[in-house]
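> Handing you this structure, nothing more for now.
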Amino acid sequence: MQLYLHTFDLRLRHIFTISRQSISTQPTLIVELRDGGRSGFGEATSDDYYGATIEAMSAVLESTRTKLEHLTLHDPASLWEQLAPILSNNPFAQCALDEAAHDLWGKQLELPTWKAWGLSLENLPLTNYTIGIDTIETMVAHMHEFPDWPIYKIKLGTKDDLAIVRELRRHTKSVFRVDANCAWTADETIRNSHELATLGVEFIEQPLPEARRDDMRRVRELSALPMIADESCQREEDIDRCAEYFDGVNIKLVKCGGLTPARRMITRARELGLRVMVGCMTESTVGTSAIAQLLPLLDYVDMDGPLLLADDVATGVTIQQGACIFSNECGNGVRLL
């Protein structure tokens with residue numbers, strides 16, 4: 001296999017703000033694996049919070065080049081295991097390569113990845129559309145850009161959080177999800193949950209910092225809404241711990257190392273009775289097309305990255321009013337523009 005690395009600065013439709021940062025462009029790394037005239041593509045965006053840089057990802061992937069040139073792709077999971085000693089300390093890079101391997105594998109088999117796994121496209125969850133933190137008026141305007149979307153995910157972590165949700169509720173009957181990205185206290189979360197439950201909120205995502213586990217236990221007991229882990233759920237070993245403090249987990253492919261470990265995490269979460277979500281990190285269609293292969297296994301999904309972009313860099317799955325429309329291409333269905 002031949003390895004190619006492509007870097008892009010994804011320009012966003014609007015400045016996107018969460019409780020800890022604002023961005024107007026999202027640097028991303030696209031990995032391409034070529035073999036026998038076919039190419040598979042995978043993606044990992046950079047992220048300061050997790051220490052993921054384009055430079056570090058590129059460097060560790062370059063260190064796999066010679067090994068890849070002597071390997072034939074038979075099974076992406078086996079390739080993941082072979083390269084784990086090199087890539088395990090950089091799960092973002094590991095993810096991009098694993099997604100590319102799955103895309104290439106499916107194209108070689110002339111099957112969509114989900115079908116090669118033995119799954120079927122029934123009862124698939126709809127994706128939310130995310131509204132970043134801004135003035136209340138601007139958040140309402142951003143919601144109206146995607147009117148009547150079935151589910152809106154609202155980023156919170158301000159002094160006006162409940163006022164934001166109250167005002168957004170005036171403009172839609174759609175389901176809400178809220179994500180505080182670690183910005184709340186335990187008492188604030190418990191208090192907010194009771195009003196948010198009356199405002200049509202489905203669940204609260206990661207209200208407290210990961211280290212506040214004892215507080216999170218109390219929140220889970222007293223909250224009026226389910227709690228979904230995000231920052232607390234990064235790698236495979238986090239699933240068992242999250243079962244003690246949360247009702248469900250949001251698995252991010254870049255944080256866990258790709259589709260291969262994500263499937264194991266989903267299986268373990270199910271064994272522990274957790275609800276399962278997979279979320280994106282403002283990826284292009286390359287990354288969300290990989291997420292889409294997991295849809296038959298999920299309760300919830302957040303794969304709206306391409307909807308937040310001014311320009312995309314690939315074709316693959318598309319989203320219409322929250323529903324995923326799969327590509328006619330095999331594998332993950334990706335073509336780089």
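A note on labels: chains of the structure tokens are A, B, ... as shown, every chain counts residues from 1, and ligands are counted from 1 in their shown order.
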Can you pull out every residue within 12 Å of A:Asp160, counting only C-alpha atoms, but drop anything in the same chain fewer than 6 positions away, and send it as a list of chain:residue names?
A:Ile133, A:Asp134, A:Thr135, A:Ile136, A:Arg166, A:Glu167, A:Asn192
> Now that the selection is made, can you save its residues with N, CA and C atoms as a CSV table (one decimal), in the first residue's frame?

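Result written to again.csv:
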```
chain,number,residue,atom,x,y,z
A,133,ILE,N,-22.2,28.4,20.7
A,133,ILE,CA,-22.5,29.5,21.6
A,133,ILE,C,-22.3,30.9,20.9
A,134,ASP,N,-23.3,31.7,21.1
A,134,ASP,CA,-23.2,33.1,20.5
A,134,ASP,C,-24.3,33.9,21.3
A,135,THR,N,-24.6,35.1,20.8
A,135,THR,CA,-25.7,35.9,21.4
A,135,THR,C,-26.9,35.0,21.1
A,136,ILE,N,-27.9,35.3,21.9
A,136,ILE,CA,-29.2,34.5,21.8
A,136,ILE,C,-29.8,34.8,20.4
A,166,ARG,N,-34.7,28.5,26.5
A,166,ARG,CA,-36.1,29.0,26.4
A,166,ARG,C,-36.4,29.7,25.1
A,167,GLU,N,-35.5,30.6,24.7
A,167,GLU,CA,-35.7,31.4,23.5
A,167,GLU,C,-35.7,30.5,22.2
A,192,ASN,N,-30.3,22.9,36.6
A,192,ASN,CA,-30.7,23.1,35.1
A,192,ASN,C,-31.5,22.0,34.6
```
> List every residue of stretch 6-246 of chain A that DSSP, applied to the backbone, labels as strand (DSSP E or B), and write the result as a count of residues only.
61
> Can you tell me which residues surround A:Thr25 at a distance of at most 9 Å, considering only C-alpha atoms, apart from same-chain residues fewer than 3 positions away, and format the answer as an MDAnalysis selection string?
chainID A and resid 9:12 15:16 309
> Using the selection just defined, write its residues with C-alpha atoms as a PDB file, in the first residue's frame.

```
ATOM      1  CA  ASP A   9      -7.976  24.222   6.482  1.00  0.00           C
ATOM      2  CA  LEU A  10     -11.724  23.695   6.554  1.00  0.00           C
ATOM      3  CA  ARG A  11     -13.471  27.059   6.508  1.00  0.00           C
ATOM      4  CA  LEU A  12     -16.566  27.160   8.727  1.00  0.00           C
ATOM      5  CA  ILE A  15     -17.364  31.174  13.985  1.00  0.00           C
ATOM      6  CA  PHE A  16     -18.069  28.097  16.105  1.00  0.00           C
ATOM      7  CA  LEU A 309     -18.468  23.969   6.806  1.00  0.00           C
TER       8      LEU A 309
END
```
> Report as CSV: every residue of stretch 86-138 of chain A with an atom at most 8 Å from stretch 47-62 of chain A, its closest pair of atoms, and their distance in Å to one decimal, counting only C-alpha atoms, with rows sorted by chain and ascending residue number.

```
residue,atom,partner,partner_atom,distance
A:Ile86,CA,A:Val60,CA,7.5
A:Leu87,CA,A:Val60,CA,6.9
A:Asn90,CA,A:Met57,CA,7.0
A:Phe92,CA,A:Ala52,CA,6.8
A:Ala93,CA,A:Met57,CA,5.0
```
> Quick one: write out the picked residues with N, CA and C atoms as a PDB file, in the first residue's frame?

```pdb
ATOM      1  N   ILE A  86       3.065   1.453  17.063  1.00  0.00           N
ATOM      2  CA  ILE A  86       3.573   2.719  16.535  1.00  0.00           C
ATOM      3  C   ILE A  86       2.591   3.862  16.802  1.00  0.00           C
ATOM      4  N   LEU A  87       1.280   3.579  16.695  1.00  0.00           N
ATOM      5  CA  LEU A  87       0.282   4.639  16.654  1.00  0.00           C
ATOM      6  C   LEU A  87      -0.527   4.822  17.932  1.00  0.00           C
ATOM      7  N   ASN A  90      -0.966   8.170  19.562  1.00  0.00           N
ATOM      8  CA  ASN A  90      -1.557   9.243  18.770  1.00  0.00           C
ATOM      9  C   ASN A  90      -2.851   8.724  18.143  1.00  0.00           C
ATOM     10  N   PHE A  92      -5.525  10.135  17.178  1.00  0.00           N
ATOM     11  CA  PHE A  92      -6.080  10.893  16.050  1.00  0.00           C
ATOM     12  C   PHE A  92      -5.486  10.376  14.735  1.00  0.00           C
ATOM     13  N   ALA A  93      -4.156  10.209  14.699  1.00  0.00           N
ATOM     14  CA  ALA A  93      -3.511   9.658  13.510  1.00  0.00           C
ATOM     15  C   ALA A  93      -3.951   8.220  13.275  1.00  0.00           C
TER      16      ALA A  93
END
```
> Just the residues within 12 Å of A:Lys115, please, counting only C-alpha atoms, with nothing from its chain fewer than 5 positions along; format it as a list in words.
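Counting only C-alpha atoms, the residues come to His102, Trp105, Gly106, Lys107, Leu109, Glu110, Ser120, Leu121, Ala292, Gln293, Leu294, Leu295, Pro296, Phe326, Cys330, Gly331 and Asn332 of chain A.
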> Using C-alpha atoms, can you export the residues from the last selection as a compact mmCIF listing (two decimals), in the first residue's frame?

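That gives us again-v5.txt:
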```txt
# COMPACT_ATOMS: atom_id res chain seq x y z
CA HIS A 102 -11.85 0.46 6.06
CA TRP A 105 -11.13 -2.63 2.25
CA GLY A 106 -14.77 -2.10 1.33
CA LYS A 107 -13.82 -0.86 -2.12
CA LEU A 109 -14.58 -6.18 -1.58
CA GLU A 110 -16.96 -4.07 -3.68
CA SER A 120 -28.28 -3.67 7.69
CA LEU A 121 -29.65 -0.15 7.30
CA ALA A 292 -22.09 6.59 9.03
CA GLN A 293 -20.93 2.97 8.76
CA LEU A 294 -21.68 2.58 12.48
CA LEU A 295 -25.23 3.96 12.33
CA PRO A 296 -26.99 0.57 12.62
CA PHE A 326 -25.43 6.71 1.73
CA CYS A 330 -18.28 1.05 -1.84
CA GLY A 331 -16.24 1.19 1.36
CA ASN A 332 -17.08 4.31 3.34
```
> Report the distance between atom CA of A:Thr260 and atom CA of A:Leu83 in Å, rounded to one decimal place.
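Taking atom CA of A:Thr260 as the start and atom CA of A:Leu83 as the end point, the length is 12.3 Å.
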> Per DSSP on the backbone, filter stretch 97-260 of chain A down to the residues in helix (DSSP H, G or I) and report them as a PyMOL selection string.
chain A and resi 97-109+113-116+136-145+161-169+186-198+213-222+238-242+253-256+259-260
> Write out as a list in words which residues come within 9 Å of stretch 68-71 of chain A when counting only C-alpha atoms, dropping same-chain ones fewer than 2 positions away.
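Counting only the stated atoms, we get Met1, Gln2, Leu3, Thr64, Arg65, Thr66, Leu73 and Leu79 of chain A.
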> Given the choices A:Thr267, A:Met277, A:Asp302, A:Phe146, which gets closest to A:Met227 if the distance is worked out from only C-alpha atoms?
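Closest to A:Met227 of all the choices is A:Met277.
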> So the first atom is atom CA of A:Gly40 and the second is atom CA of A:Tyr129; what is the distance between them in Å, to one decimal place?
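Distance between the two atoms: 27.2 Å.
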> Measuring between only C-alpha atoms, which one of A:Glu210, A:Glu283, A:Asp247, A:Asp35 shows the shortest distance to A:Asp103?
A:Asp35
> Quick one, how far is atom CA of A:Thr198 from atom CA of A:Thr172?
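These atoms are spaced 14.2 Å apart.
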> Mind checking which residues fall within 9 Å of A:His14, counting only C-alpha atoms, ignoring those fewer than 3 positions away in the same chain, and posting them as a PyMOL selection string?
chain A and resi 11+23-24+142+308-310
> Pull N, CA and C atoms from the residues just selected and write them as a short mmCIF file (atom, residue, chain, number, x, y, z; two decimals), in the first residue's frame.

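Generated file (result-v9.cif):
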```cif
data_model
loop_
_atom_site.label_atom_id
_atom_site.label_comp_id
_atom_site.auth_asym_id
_atom_site.auth_seq_id
_atom_site.Cartn_x
_atom_site.Cartn_y
_atom_site.Cartn_z
N ARG A 11 -12.87 25.77 6.15
CA ARG A 11 -13.47 27.06 6.51
C ARG A 11 -14.90 26.83 6.98
N ILE A 23 -13.55 28.84 16.98
CA ILE A 23 -12.75 28.62 15.77
C ILE A 23 -13.51 29.12 14.55
N SER A 24 -12.77 29.58 13.54
CA SER A 24 -13.37 29.95 12.27
C SER A 24 -12.90 29.03 11.14
N HIS A 142 -29.01 31.12 13.52
CA HIS A 142 -28.32 29.92 13.03
C HIS A 142 -29.27 28.73 12.98
N LEU A 308 -21.53 22.28 9.04
CA LEU A 308 -20.94 23.46 9.67
C LEU A 308 -19.89 24.12 8.80
N LEU A 309 -19.54 23.48 7.66
CA LEU A 309 -18.47 23.97 6.81
C LEU A 309 -18.98 24.88 5.70
N ALA A 310 -18.16 25.86 5.33
CA ALA A 310 -18.45 26.67 4.15
C ALA A 310 -18.12 25.90 2.88
#
```
